[in-house]
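Undergrad: Dropping in protein.pdb, with PDB, C-alpha atoms and all ligand atoms.
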ATOM      1  CA  MET D1333     -53.526-182.965 -79.662
ATOM      2  CA  ALA D1334     -55.869-183.645 -76.766
ATOM      3  CA  LEU D1335     -56.036-180.442 -74.738
ATOM      4  CA  LEU D1336     -56.986-180.316 -71.081
ATOM      5  CA  THR D1337     -60.168-178.509 -70.104
ATOM      6  CA  LYS D1338     -61.086-176.658 -66.912
ATOM      7  CA  VAL D1339     -63.432-179.562 -66.092
ATOM      8  CA  ASP D1340     -60.534-182.057 -66.236
ATOM      9  CA  LEU D1341     -58.718-179.920 -63.646
ATOM     10  CA  GLU D1342     -61.501-179.015 -61.241
ATOM     11  CA  LYS D1343     -60.766-181.826 -58.745
ATOM     12  CA  ILE D1344     -56.959-181.824 -59.082
ATOM     13  CA  ASP D1345     -56.493-181.306 -55.320
ATOM     14  CA  LYS D1346     -58.481-184.463 -54.435
ATOM     15  CA  ASP D1347     -57.056-186.347 -57.453
ATOM     16  CA  LEU D1348     -53.483-185.614 -56.366
ATOM     17  CA  GLU D1349     -54.171-186.481 -52.726
ATOM     18  CA  ASN D1350     -55.862-189.793 -53.631
ATOM     19  CA  ASN D1351     -53.203-190.798 -56.174
ATOM     20  CA  ILE D1352     -50.260-189.912 -53.919
ATOM     21  CA  LYS D1353     -51.794-192.091 -51.193
ATOM     22  CA  LYS D1354     -52.277-194.996 -53.626
ATOM     23  CA  ILE D1355     -48.747-194.660 -55.047
ATOM     24  CA  GLU D1356     -47.279-194.719 -51.533
ATOM     25  CA  GLU D1357     -49.346-197.824 -50.698
ATOM     26  CA  LEU D1358     -48.329-199.616 -53.908
ATOM     27  CA  THR D1359     -44.617-198.739 -53.820
ATOM     28  CA  LYS D1360     -44.219-198.697 -50.014
ATOM     29  CA  MET D1361     -42.251-195.464 -50.570
ATOM     30  CA  ASN D1362     -42.802-191.848 -49.574
ATOM     31  CA  ILE D1363     -43.830-190.006 -52.768
ATOM     32  CA  ILE D1364     -40.890-187.590 -52.675
ATOM     33  CA  SER D1365     -38.401-190.423 -52.136
ATOM     34  CA  PHE D1366     -40.105-192.212 -55.038
ATOM     35  CA  PHE D1367     -39.573-189.268 -57.428
ATOM     36  CA  GLU D1368     -35.986-188.815 -56.135
ATOM     37  CA  SER D1369     -35.205-192.513 -56.685
ATOM     38  CA  ILE D1370     -36.598-192.569 -60.231
ATOM     39  CA  TYR D1371     -34.372-189.718 -61.409
ATOM     40  CA  ASN D1372     -31.621-189.877 -58.779
ATOM     41  CA  THR D1373     -32.142-186.141 -58.187
ATOM     42  CA  LYS D1374     -33.121-183.972 -55.214
ATOM     43  CA  TYR D1375     -35.049-180.705 -55.044
ATOM     44  CA  LYS D1376     -32.901-178.124 -53.294
ATOM     45  CA  LYS D1377     -34.613-174.764 -53.531
ATOM     46  CA  GLU D1378     -34.767-174.063 -57.262
ATOM     47  CA  LYS D1379     -37.205-171.225 -58.024
ATOM     48  CA  ILE D1380     -39.821-172.271 -60.614
ATOM     49  CA  GLY D1381     -41.518-169.723 -62.923
ATOM     50  CA  ILE D1382     -44.826-170.788 -64.542
ATOM     51  CA  ILE D1383     -45.542-168.750 -67.691
ATOM     52  CA  PRO D1384     -49.106-168.683 -69.134
ATOM     53  CA  ILE D1385     -48.980-168.963 -72.939
ATOM     54  CA  THR D1386     -51.751-167.477 -75.147
ATOM     55  CA  SER D1387     -50.793-169.127 -78.483
ATOM     56  CA  GLY D1388     -53.085-171.463 -80.442
ATOM     57  CA  ASN D1389     -56.127-172.507 -78.415
ATOM     58  CA  GLY D1390     -55.009-170.006 -75.763
ATOM     59  CA  ILE D1391     -54.894-169.992 -71.989
ATOM     60  CA  ILE D1392     -56.632-172.974 -70.345
ATOM     61  CA  ASP D1393     -58.496-171.694 -67.312
ATOM     62  CA  THR D1394     -56.819-172.990 -64.081
ATOM     63  CA  PHE D1395     -53.961-174.713 -66.011
ATOM     64  CA  SER D1396     -51.215-172.509 -64.514
ATOM     65  CA  GLU D1397     -52.942-172.441 -61.129
ATOM     66  CA  SER D1398     -53.150-176.253 -61.128
ATOM     67  CA  ILE D1399     -49.412-176.458 -61.763
ATOM     68  CA  LEU D1400     -48.712-173.935 -58.988
ATOM     69  CA  TYR D1401     -50.930-175.923 -56.607
ATOM     70  CA  THR D1402     -49.078-179.144 -57.442
ATOM     71  CA  LEU D1403     -45.615-177.647 -56.903
ATOM     72  CA  GLN D1404     -46.687-176.080 -53.625
ATOM     73  CA  ILE D1405     -47.970-179.348 -52.138
ATOM     74  CA  PHE D1406     -44.469-180.678 -52.917
ATOM     75  CA  ASN D1407     -43.069-177.684 -50.991
ATOM     76  CA  MET D1408     -41.447-176.146 -54.060
ATOM     77  CA  ASP D1409     -40.758-172.411 -54.503
ATOM     78  CA  ALA D1410     -42.963-171.517 -57.508
ATOM     79  CA  PHE D1411     -44.786-168.519 -58.983
ATOM     80  CA  ILE D1412     -47.000-167.677 -61.964
ATOM     81  CA  THR D1413     -45.829-164.658 -63.964
ATOM     82  CA  ASN D1414     -48.248-161.727 -64.204
ATOM     83  CA  GLN D1415     -47.402-161.323 -67.865
ATOM     84  CA  THR D1416     -47.943-164.006 -70.524
ATOM     85  CA  ASP D1417     -45.726-165.268 -73.373
ATOM     86  CA  VAL D1418     -42.498-163.343 -74.117
ATOM     87  CA  SER D1419     -43.208-160.718 -71.456
ATOM     88  CA  GLY D1420     -43.887-163.506 -68.973
ATOM     89  CA  TYR D1421     -40.581-165.138 -69.890
ATOM     90  CA  TYR D1422     -38.766-161.824 -69.321
ATOM     91  CA  GLU D1423     -40.556-161.428 -65.969
ATOM     92  CA  ALA D1424     -39.595-164.942 -64.849
ATOM     93  CA  ILE D1425     -35.909-164.357 -65.658
ATOM     94  CA  LYS D1426     -35.926-160.972 -63.874
ATOM     95  CA  LYS D1427     -37.467-162.723 -60.860
ATOM     96  CA  ASN D1428     -34.502-165.139 -60.819
ATOM     97  CA  ALA D1429     -36.366-168.278 -61.875
ATOM     98  CA  ASP D1430     -34.039-171.300 -62.054
ATOM     99  CA  ILE D1431     -36.634-173.395 -63.902
ATOM    100  CA  ILE D1432     -39.213-172.322 -66.503
ATOM    101  CA  LEU D1433     -42.503-174.222 -66.994
ATOM    102  CA  MET D1434     -44.692-173.345 -69.983
ATOM    103  CA  ALA D1435     -47.018-175.007 -72.491
ATOM    104  CA  ASP D1436     -48.446-174.256 -75.909
ATOM    105  CA  ASP D1437     -50.901-176.647 -77.599
ATOM    106  CA  LEU D1438     -48.201-179.057 -78.749
ATOM    107  CA  THR D1439     -45.422-178.879 -76.132
ATOM    108  CA  TYR D1440     -45.445-178.613 -72.346
ATOM    109  CA  LEU D1441     -41.812-178.182 -71.236
ATOM    110  CA  ALA D1442     -39.687-177.646 -68.155
ATOM    111  CA  PHE D1443     -36.261-176.008 -68.667
ATOM    112  CA  ASN D1444     -33.517-175.675 -66.060
ATOM    113  CA  LEU D1445     -31.518-172.516 -66.832
ATOM    114  CA  ASN D1446     -28.609-173.599 -64.617
ATOM    115  CA  ASN D1447     -27.828-177.068 -66.016
ATOM    116  CA  LYS D1448     -29.567-176.594 -69.400
ATOM    117  CA  LYS D1449     -31.634-179.772 -68.839
ATOM    118  CA  ILE D1450     -35.043-179.813 -70.543
ATOM    119  CA  SER D1451     -38.048-182.160 -70.205
ATOM    120  CA  HIS D1452     -41.159-182.802 -72.285
ATOM    121  CA  ASN D1453     -44.488-183.624 -70.619
ATOM    122  CA  GLN D1454     -45.251-186.605 -72.876
ATOM    123  CA  GLN D1455     -41.947-188.327 -72.104
ATOM    124  CA  ALA D1456     -42.069-187.475 -68.395
ATOM    125  CA  THR D1457     -45.676-188.688 -68.160
ATOM    126  CA  GLY D1458     -44.918-191.979 -69.924
ATOM    127  CA  ARG D1459     -41.978-192.413 -67.540
ATOM    128  CA  ILE D1460     -43.723-191.831 -64.214
ATOM    129  CA  TYR D1461     -46.882-193.826 -64.957
ATOM    130  CA  SER D1462     -44.705-196.809 -66.031
ATOM    131  CA  GLU D1463     -42.348-196.515 -63.037
ATOM    132  CA  ILE D1464     -45.361-196.671 -60.689
ATOM    133  CA  LEU D1465     -46.278-200.079 -62.182
ATOM    134  CA  ILE D1466     -42.661-201.276 -62.144
ATOM    135  CA  HIS D1467     -42.212-200.355 -58.469
ATOM    136  CA  SER D1468     -45.612-201.638 -57.294
ATOM    137  CA  LYS D1469     -45.256-204.492 -54.818
ATOM    138  CA  ILE D1470     -47.739-207.202 -55.768
ATOM    139  CA  LYS D1471     -48.763-210.376 -53.939
ATOM    140  CA  LYS D1472     -46.264-213.137 -54.729
ATOM    141  CA  ASP D1473     -48.865-215.467 -56.238
ATOM    142  CA  HIS D1474     -49.079-213.344 -59.378
ATOM    143  CA  GLU D1475     -46.777-215.152 -61.800
ATOM    144  CA  ASN D1476     -46.934-212.491 -64.500
ATOM    145  CA  GLU D1477     -45.344-209.649 -62.539
ATOM    146  CA  LYS D1478     -42.922-208.643 -65.317
ATOM    147  CA  GLU D1479     -45.642-208.425 -67.946
ATOM    148  CA  VAL D1480     -47.674-205.357 -68.877
ATOM    149  CA  LEU D1481     -50.547-204.553 -71.213
ATOM    150  CA  ILE D1482     -50.110-201.114 -72.834
ATOM    151  CA  ILE D1483     -53.183-199.608 -74.491
ATOM    152  CA  GLY D1484     -52.421-196.556 -76.641
ATOM    153  CA  VAL D1485     -48.894-196.384 -78.094
ATOM    154  CA  GLY D1486     -48.846-192.732 -79.174
ATOM    155  CA  ASN D1487     -46.704-189.860 -77.873
ATOM    156  CA  VAL D1488     -47.053-190.924 -74.237
ATOM    157  CA  GLY D1489     -47.409-194.695 -74.705
ATOM    158  CA  LYS D1490     -44.269-195.003 -76.840
ATOM    159  CA  HIS D1491     -42.170-193.650 -73.941
ATOM    160  CA  ALA D1492     -43.773-196.145 -71.594
ATOM    161  CA  ILE D1493     -42.707-198.965 -73.934
ATOM    162  CA  GLN D1494     -39.073-197.866 -73.639
ATOM    163  CA  ILE D1495     -39.213-197.845 -69.818
ATOM    164  CA  PHE D1496     -40.712-201.347 -69.650
ATOM    165  CA  LEU D1497     -38.148-202.649 -72.191
ATOM    166  CA  LYS D1498     -35.334-201.220 -70.023
ATOM    167  CA  ASN D1499     -36.831-203.144 -67.094
ATOM    168  CA  ASP D1500     -36.933-206.390 -69.070
ATOM    169  CA  TYR D1501     -40.745-206.629 -69.208
ATOM    170  CA  THR D1502     -42.737-208.624 -71.721
ATOM    171  CA  ILE D1503     -45.003-206.019 -73.294
ATOM    172  CA  TYR D1504     -48.392-206.613 -74.902
ATOM    173  CA  ILE D1505     -49.632-203.628 -76.893
ATOM    174  CA  PHE D1506     -53.018-202.659 -78.234
ATOM    175  CA  ASP D1507     -53.847-199.601 -80.324
ATOM    176  CA  LYS D1508     -56.652-198.988 -82.799
ATOM    177  CA  ASN D1509     -53.985-197.809 -85.246
ATOM    178  CA  GLU D1510     -52.977-201.200 -86.692
ATOM    179  CA  ASN D1511     -50.056-199.755 -88.690
ATOM    180  CA  GLU D1512     -48.537-198.294 -85.541
ATOM    181  CA  VAL D1513     -48.855-201.662 -83.764
ATOM    182  CA  LYS D1514     -47.216-203.501 -86.671
ATOM    183  CA  LYS D1515     -44.316-201.011 -86.729
ATOM    184  CA  ILE D1516     -43.706-201.360 -82.998
ATOM    185  CA  ILE D1517     -43.891-205.171 -82.629
ATOM    186  CA  ASN D1518     -41.217-205.446 -85.333
ATOM    187  CA  GLN D1519     -38.922-203.327 -83.121
ATOM    188  CA  ASN D1520     -38.361-205.906 -80.384
ATOM    189  CA  ILE D1521     -39.307-209.563 -79.689
ATOM    190  CA  LYS D1522     -40.308-208.574 -76.146
ATOM    191  CA  ILE D1523     -43.212-206.608 -77.636
ATOM    192  CA  LYS D1524     -46.240-208.652 -78.643
ATOM    193  CA  LYS D1525     -49.581-207.717 -80.146
ATOM    194  CA  TYR D1526     -52.367-208.088 -77.534
ATOM    195  CA  ASN D1527     -55.064-210.567 -78.606
ATOM    196  CA  PRO D1528     -58.210-210.312 -76.413
ATOM    197  CA  LYS D1529     -59.378-213.723 -77.714
ATOM    198  CA  LEU D1530     -56.601-215.434 -75.705
ATOM    199  CA  GLU D1531     -58.378-214.131 -72.572
ATOM    200  CA  LYS D1532     -55.013-213.386 -70.917
ATOM    201  CA  LYS D1533     -55.203-211.603 -67.532
ATOM    202  CA  PHE D1534     -52.866-208.757 -66.526
ATOM    203  CA  ILE D1535     -51.941-207.590 -63.051
ATOM    204  CA  LYS D1536     -50.353-204.437 -64.595
ATOM    205  CA  ILE D1537     -52.045-202.305 -67.271
ATOM    206  CA  PHE D1538     -50.857-198.951 -68.689
ATOM    207  CA  GLU D1539     -53.264-196.820 -70.754
ATOM    208  CA  ALA D1540     -52.707-193.559 -72.636
ATOM    209  CA  THR D1541     -55.495-192.860 -75.111
ATOM    210  CA  PRO D1542     -57.915-189.925 -75.497
ATOM    211  CA  GLU D1543     -60.924-192.270 -75.381
ATOM    212  CA  ARG D1544     -62.906-193.703 -72.482
ATOM    213  CA  ASP D1545     -63.399-197.347 -71.438
ATOM    214  CA  THR D1546     -60.525-198.667 -73.602
ATOM    215  CA  ILE D1547     -59.486-201.437 -71.192
ATOM    216  CA  PRO D1548     -61.239-204.760 -72.039
ATOM    217  CA  GLU D1549     -62.848-206.491 -69.034
ATOM    218  CA  ILE D1550     -61.392-209.803 -70.227
ATOM    219  CA  ALA D1551     -57.866-208.530 -69.387
ATOM    220  CA  LEU D1552     -58.740-207.739 -65.757
ATOM    221  CA  THR D1553     -58.157-209.869 -62.681
ATOM    222  CA  SER D1554     -58.744-208.996 -59.028
ATOM    223  CA  ASP D1555     -56.390-206.250 -57.785
ATOM    224  CA  THR D1556     -55.139-205.365 -61.293
ATOM    225  CA  ILE D1557     -53.173-202.089 -61.126
ATOM    226  CA  VAL D1558     -54.221-199.663 -63.878
ATOM    227  CA  SER D1559     -51.819-196.756 -64.384
ATOM    228  CA  THR D1560     -53.355-194.311 -66.854
ATOM    229  CA  PRO D1561     -52.668-190.675 -67.731
ATOM    230  CA  GLY D1562     -55.301-191.030 -70.473
ATOM    231  CA  ILE D1563     -58.250-188.605 -70.398
ATOM    232  CA  PRO D1564     -61.155-189.445 -70.205
ATOM    233  CA  ARG D1565     -60.956-192.444 -67.869
ATOM    234  CA  ALA D1566     -59.901-195.749 -69.396
ATOM    235  CA  ILE D1567     -61.967-197.923 -67.057
ATOM    236  CA  SER D1568     -65.517-197.428 -65.778
ATOM    237  CA  LYS D1569     -66.237-196.986 -62.073
ATOM    238  CA  ASN D1570     -68.293-200.161 -62.301
ATOM    239  CA  LEU D1571     -65.335-202.289 -63.501
ATOM    240  CA  GLU D1572     -63.023-200.480 -61.075
ATOM    241  CA  ASN D1573     -65.187-201.647 -58.186
ATOM    242  CA  LYS D1574     -66.003-205.094 -59.594
ATOM    243  CA  TYR D1575     -62.292-206.077 -59.815
ATOM    244  CA  ASN D1576     -61.018-203.968 -56.890
ATOM    245  CA  ILE D1577     -58.768-202.143 -59.377
ATOM    246  CA  LYS D1578     -55.902-200.039 -58.027
ATOM    247  CA  LEU D1579     -56.368-197.026 -60.329
ATOM    248  CA  ILE D1580     -53.602-194.432 -60.793
ATOM    249  CA  MET D1581     -55.160-191.626 -62.858
ATOM    250  CA  GLU D1582     -54.591-187.852 -62.527
ATOM    251  CA  PRO D1583     -54.857-185.043 -65.111
ATOM    252  CA  LEU D1584     -51.592-183.028 -64.838
ATOM    253  CA  GLY D1585     -49.761-183.033 -61.505
ATOM    254  CA  LEU D1586     -47.887-186.343 -61.551
ATOM    255  CA  GLY D1587     -46.630-185.679 -65.068
ATOM    256  CA  THR D1588     -45.529-182.188 -64.016
ATOM    257  CA  MET D1589     -43.625-183.530 -60.998
ATOM    258  CA  SER D1590     -41.923-186.054 -63.260
ATOM    259  CA  MET D1591     -40.857-183.195 -65.564
ATOM    260  CA  ILE D1592     -39.351-181.257 -62.648
ATOM    261  CA  TYR D1593     -37.484-184.175 -61.040
ATOM    262  CA  SER D1594     -36.048-185.159 -64.428
ATOM    263  CA  ILE D1595     -34.170-181.838 -64.777
ATOM    264  CA  LEU D1596     -32.879-181.267 -61.223
ATOM    265  CA  LYS D1597     -29.215-181.841 -60.415
TER     266      LYS D1597
HETATM  267  P1  LIG O1601     -51.677-189.618 -78.941
HETATM  268  O1  LIG O1601     -52.817-189.208 -79.799
HETATM  269  O2  LIG O1601     -50.262-189.353 -79.350
HETATM  270  O3  LIG O1601     -51.782-191.215 -78.667
HETATM  271  C1  LIG O1601     -53.014-191.816 -78.363
HETATM  272  C2  LIG O1601     -53.028-193.221 -78.969
HETATM  273  O4  LIG O1601     -54.198-193.876 -78.545
HETATM  274  C3  LIG O1601     -53.025-193.221 -80.503
HETATM  275  O5  LIG O1601     -52.012-194.079 -80.987
HETATM  276  C4  LIG O1601     -54.424-193.751 -80.863
HETATM  277  O6  LIG O1601     -54.438-194.551 -82.031
HETATM  278  C5  LIG O1601     -54.728-194.599 -79.645
HETATM  279  N1  LIG O1601     -56.172-194.801 -79.417
HETATM  280  C6  LIG O1601     -57.160-193.878 -79.496
HETATM  281  N2  LIG O1601     -58.356-194.450 -79.193
HETATM  282  C7  LIG O1601     -58.094-195.761 -78.892
HETATM  283  C8  LIG O1601     -58.893-196.859 -78.503
HETATM  284  N3  LIG O1601     -60.222-196.729 -78.367
HETATM  285  N4  LIG O1601     -58.283-198.067 -78.282
HETATM  286  C9  LIG O1601     -56.937-198.193 -78.444
HETATM  287  N5  LIG O1601     -56.118-197.180 -78.813
HETATM  288  C10 LIG O1601     -56.711-195.981 -79.051
HETATM  289  O7  LIG O1601     -51.964-188.984 -77.506
HETATM  290  P2  LIG O1601     -50.902-188.782 -76.305
HETATM  291  O8  LIG O1601     -50.218-187.463 -76.472
HETATM  292  O9  LIG O1601     -50.077-190.037 -76.174
HETATM  293  O10 LIG O1601     -51.892-188.637 -75.040
HETATM  294  C11 LIG O1601     -52.702-189.726 -74.709
HETATM  295  C12 LIG O1601     -53.715-189.272 -73.667
HETATM  296  O11 LIG O1601     -53.025-188.909 -72.464
HETATM  297  C13 LIG O1601     -54.517-188.026 -74.070
HETATM  298  O12 LIG O1601     -55.822-188.203 -73.570
HETATM  299  C14 LIG O1601     -53.838-186.886 -73.314
HETATM  300  O13 LIG O1601     -54.739-185.831 -73.012
HETATM  301  C15 LIG O1601     -53.439-187.597 -72.040
HETATM  302  N6  LIG O1601     -52.326-186.961 -71.304
HETATM  303  C16 LIG O1601     -52.449-186.906 -69.942
HETATM  304  C17 LIG O1601     -51.419-186.409 -69.160
HETATM  305  C18 LIG O1601     -51.539-186.465 -67.660
HETATM  306  O14 LIG O1601     -50.656-185.950 -66.958
HETATM  307  N7  LIG O1601     -52.582-187.101 -67.136
HETATM  308  C19 LIG O1601     -50.189-185.867 -69.779
HETATM  309  C20 LIG O1601     -50.124-186.010 -71.215
HETATM  310  C21 LIG O1601     -51.162-186.543 -71.964
HETATM  311  O1  LIG O1602     -52.811-171.963 -70.130
HETATM  312  C1  LIG O1602     -51.848-172.101 -70.919
HETATM  313  O2  LIG O1602     -50.703-171.584 -70.739
HETATM  314  C2  LIG O1602     -52.058-172.965 -72.151
HETATM  315  N1  LIG O1602     -51.204-172.493 -73.264
HETATM  316  C3  LIG O1602     -51.723-174.422 -71.780
HETATM  317  C4  LIG O1602     -51.962-175.377 -72.959
HETATM  318  C5  LIG O1602     -51.688-176.839 -72.544
HETATM  319  C6  LIG O1602     -52.071-177.768 -73.702
HETATM  320  N2  LIG O1602     -51.671-179.149 -73.422
HETATM  321  C7  LIG O1602     -52.490-180.006 -72.794
HETATM  322  O3  LIG O1602     -53.594-179.710 -72.422
HETATM  323  C8  LIG O1602     -51.932-181.411 -72.539
HETATM  324  C9  LIG O1602     -51.813-181.648 -71.055
HETATM  325  C10 LIG O1602     -52.209-183.055 -70.756
HETATM  326  C11 LIG O1602     -50.352-181.506 -70.739
HETATM  327  C12 LIG O1602     -49.734-181.728 -72.021
HETATM  328  N3  LIG O1602     -50.619-181.624 -72.987
HETATM  329 MG    MG O1603     -50.476-186.499 -64.577
END
Give the structure from this file in structure tokens form.
Ligand code: NAI
Ligand code: 2YC
Ligand code: MG
TA:
Amino acid sequence: MALLTKVDLEKIDKDLENNIKKIEELTKMNIISFFESIYNTKYKKEKIGIIPITSGNGIIDTFSESILYTLQIFNMDAFITNQTDVSGYYEAIKKNADIILMADDLTYLAFNLNNKKISHNQQATGRIYSEILIHSKIKKDHENEKEVLIIGVGNVGKHAIQIFLKNDYTIYIFDKNENEVKKIINQNIKIKKYNPKLEKKFIKIFEATPERDTIPEIALTSDTIVSTPGIPRAISKNLENKYNIKLIMEPLGLGTMSMIYSILK
């Protein structure tokens, strides 16, 4: 399980600002309307309790604060409990939280106490980073609009596959785990194994791996949109500039917002 570090989170304010701007440019939608349209939900004034959890690897410095910061820039009513773990849960309920947000090393969840809806960060992250590619307006002359290259088909990537299938995309997958690739391409004829030797270019690339520089240069064309929750970065600054890549990459906030919007009424 790849855990976030304080370093990953130290520029979350600039990361969120830059990525929100890019998403609004790509989708031609206001970011809040974009989240509302994906889930067909609206934030009313649900109170959100963030509970620090000390299990396993323990508290990640600035993790809860980064979540609070994210929710506040989306004008949501949120607080971090003073207590951790069970005591923090008790505190959140006594403070009339409608939604609970908490994470141990394996699961980062959002739970809506009123409608009993629950979301998982890996699913919500796969969803939002795919939807950004699906709703990106690209110049007409790109024939392969409904094609995507997905690099990393693990916990997050597998959810992305489902979203692209639902949107009738042709999906090329690459993962260093050959067995996983074999299993997945047998699932659906719309899923093909990516072969770099064919030198195929992609205008839309999704990446979710815990390794850096996983996107092959040969797959890039000018203005390729790379949507990647993966940490560390999947494409070097050099390649990003060389191909004028539209890069959507942020450590925690977009996935968190996706979790929240997925459990509202
Ligand atoms: P995972 O371990 O379930 O899946 C990663 C996949 O990438 C595996 O199938 C692995 O075989 C593959 N892989 C690893 N190195 C590769 C390489 N060099 N080339 C091709 N494939 C390679 O991990 P998970 O849970 O799907 O998370 C993926 C990444 O996304 C992690 O770095 C995690 O920290 C990050 N993440 C980021 C979030 C955000 O909001 N930005 C939210 C959740 C996860
Ligand atoms: O500070 C705390 O409450 C810690 N228990 C939080 C642990 C989060 C561990 N999970 C992760 O770092 C990754 C993130 C990308 C979000 C999901 N998993
Ligand atoms: Mg994120």
Undergrad: Between range 1391-1508 of chain D and range 1337-1345 of chain D, at 7 Å or less, what are the per-residue closest atom pairs and their distances in Å? Count only C-alpha atoms, order by chain and rising residue number, and return it as a tab-separated table.
TA:
residue	atom	partner	partner_atom	distance
D:Ile1392	CA	D:Thr1337	CA	6.6
D:Asp1393	CA	D:Lys1338	CA	5.6
D:Thr1394	CA	D:Lys1338	CA	6.3
Undergrad: Let's have the selection written as a PDB file, in the frame of the given file, with C-alpha atoms.
TA:
ATOM      1  CA  ILE D1392     -56.632-172.974 -70.345  1.00  0.00           C
ATOM      2  CA  ASP D1393     -58.496-171.694 -67.312  1.00  0.00           C
ATOM      3  CA  THR D1394     -56.819-172.990 -64.081  1.00  0.00           C
TER       4      THR D1394
END
Undergrad: Name each residue within 8 Å of ligand MG 1603 (chain O), counting all atoms listed in the file, as a VMD selection string.
TA: chain D and resid 1457 1561 1581 to 1588
Undergrad: Listed atoms of ligand LIG 1602 (chain O), axis-aligned box, 6 Å per side: centre and edge lengths to one decimal in Å, as AutoDock Vina command-line options?
TA:
--center_x -51.7 --center_y -177.3 --center_z -71.9 --size_x 15.9 --size_y 23.5 --size_z 15.6
Undergrad: Evaluate the PyMOL selection byres (((not hetatm)) within 6 of (chain O and resi 1602)) and record the selected residues as a short mmCIF file (atom, residue, chain, number, x, y, z; two decimals) with C-alpha atoms, keeping the file's coordinate frame, following the chain and residue labels used in the document.
TA:
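The resulting file, result.cif, is reproduced below:
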data_model
loop_
_atom_site.label_atom_id
_atom_site.label_comp_id
_atom_site.auth_asym_id
_atom_site.auth_seq_id
_atom_site.Cartn_x
_atom_site.Cartn_y
_atom_site.Cartn_z
CA LEU D 1335 -56.04 -180.44 -74.74
CA LEU D 1336 -56.99 -180.32 -71.08
CA PRO D 1384 -49.11 -168.68 -69.13
CA ILE D 1385 -48.98 -168.96 -72.94
CA THR D 1386 -51.75 -167.48 -75.15
CA GLY D 1390 -55.01 -170.01 -75.76
CA ILE D 1391 -54.89 -169.99 -71.99
CA ILE D 1392 -56.63 -172.97 -70.34
CA PHE D 1395 -53.96 -174.71 -66.01
CA SER D 1396 -51.22 -172.51 -64.51
CA ALA D 1435 -47.02 -175.01 -72.49
CA ASP D 1436 -48.45 -174.26 -75.91
CA ASP D 1437 -50.90 -176.65 -77.60
CA TYR D 1440 -45.44 -178.61 -72.35
CA ASN D 1453 -44.49 -183.62 -70.62
CA LEU D 1584 -51.59 -183.03 -64.84
#
Undergrad: Output the neighbourhood of ligand LIG 1601 (chain O) as a list in words, that is, all protein and nucleic acid residues with some atom at most 6 Å from the ligand, counting all atoms listed in the file.
TA: Ala1334, Leu1335, Gln1454, Thr1457, Ile1483, Gly1484, Val1485, Gly1486, Asn1487, Val1488, Gly1489, Phe1506, Asp1507, Lys1508, Asn1509, Ala1540, Thr1541, Pro1542, Glu1543, Thr1546, Pro1561, Gly1562, Ile1563, Glu1582, Pro1583, Leu1584 and Gly1587 of chain D
Undergrad: Given the file shown, enumerate the residues that the PyMOL selection byres (((chain D and resi 1444-1448) around 10) and not hetatm) captures and present them as a short mmCIF file (atom, residue, chain, number, x, y, z; two decimals) with C-alpha atoms, in the coordinates of the input.
TA:
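Here's the written file result07.cif:
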data_model
loop_
_atom_site.label_atom_id
_atom_site.label_comp_id
_atom_site.auth_asym_id
_atom_site.auth_seq_id
_atom_site.Cartn_x
_atom_site.Cartn_y
_atom_site.Cartn_z
CA GLU D 1378 -34.77 -174.06 -57.26
CA LYS D 1379 -37.20 -171.22 -58.02
CA ILE D 1380 -39.82 -172.27 -60.61
CA ILE D 1425 -35.91 -164.36 -65.66
CA ASN D 1428 -34.50 -165.14 -60.82
CA ALA D 1429 -36.37 -168.28 -61.88
CA ASP D 1430 -34.04 -171.30 -62.05
CA ILE D 1431 -36.63 -173.40 -63.90
CA ILE D 1432 -39.21 -172.32 -66.50
CA LEU D 1433 -42.50 -174.22 -66.99
CA ALA D 1442 -39.69 -177.65 -68.16
CA PHE D 1443 -36.26 -176.01 -68.67
CA LYS D 1449 -31.63 -179.77 -68.84
CA ILE D 1450 -35.04 -179.81 -70.54
CA SER D 1451 -38.05 -182.16 -70.20
CA ILE D 1592 -39.35 -181.26 -62.65
CA SER D 1594 -36.05 -185.16 -64.43
CA ILE D 1595 -34.17 -181.84 -64.78
CA LEU D 1596 -32.88 -181.27 -61.22
CA LYS D 1597 -29.22 -181.84 -60.42
#
Undergrad: Which residues would end up in the selection if the PyMOL selection byres (((chain D and resi 1534) around 9) and not hetatm) were applied here, given that I need the answer as a PDB file with C-alpha atoms, keeping the file's coordinate frame?
TA:
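The resulting selection19.pdb:
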ATOM      1  CA  ASN D1476     -46.934-212.491 -64.500  1.00  0.00           C
ATOM      2  CA  GLU D1477     -45.344-209.649 -62.539  1.00  0.00           C
ATOM      3  CA  GLU D1479     -45.642-208.425 -67.946  1.00  0.00           C
ATOM      4  CA  VAL D1480     -47.674-205.357 -68.877  1.00  0.00           C
ATOM      5  CA  LEU D1481     -50.547-204.553 -71.213  1.00  0.00           C
ATOM      6  CA  LYS D1532     -55.013-213.386 -70.917  1.00  0.00           C
ATOM      7  CA  LYS D1533     -55.203-211.603 -67.532  1.00  0.00           C
ATOM      8  CA  ILE D1535     -51.941-207.590 -63.051  1.00  0.00           C
ATOM      9  CA  LYS D1536     -50.353-204.437 -64.595  1.00  0.00           C
ATOM     10  CA  ILE D1537     -52.045-202.305 -67.271  1.00  0.00           C
ATOM     11  CA  ALA D1551     -57.866-208.530 -69.387  1.00  0.00           C
ATOM     12  CA  LEU D1552     -58.740-207.739 -65.757  1.00  0.00           C
ATOM     13  CA  THR D1553     -58.157-209.869 -62.681  1.00  0.00           C
ATOM     14  CA  THR D1556     -55.139-205.365 -61.293  1.00  0.00           C
ATOM     15  CA  ILE D1557     -53.173-202.089 -61.126  1.00  0.00           C
TER      16      ILE D1557
END
Undergrad: Grab the CA of Lys1515 in chain D to CA of Tyr1461 in chain D distance for me, in Å with one decimal place.
TA: 23.1 Å
Undergrad: Go through D:Ser1559, D:Ser1398, D:Ser1568, D:Asn1350 one by one, measure the shortest atom-to-atom distance of each to Ile1466 in chain D using all atoms listed in the file, and give the residue with the smallest value.
TA: D:Ser1559
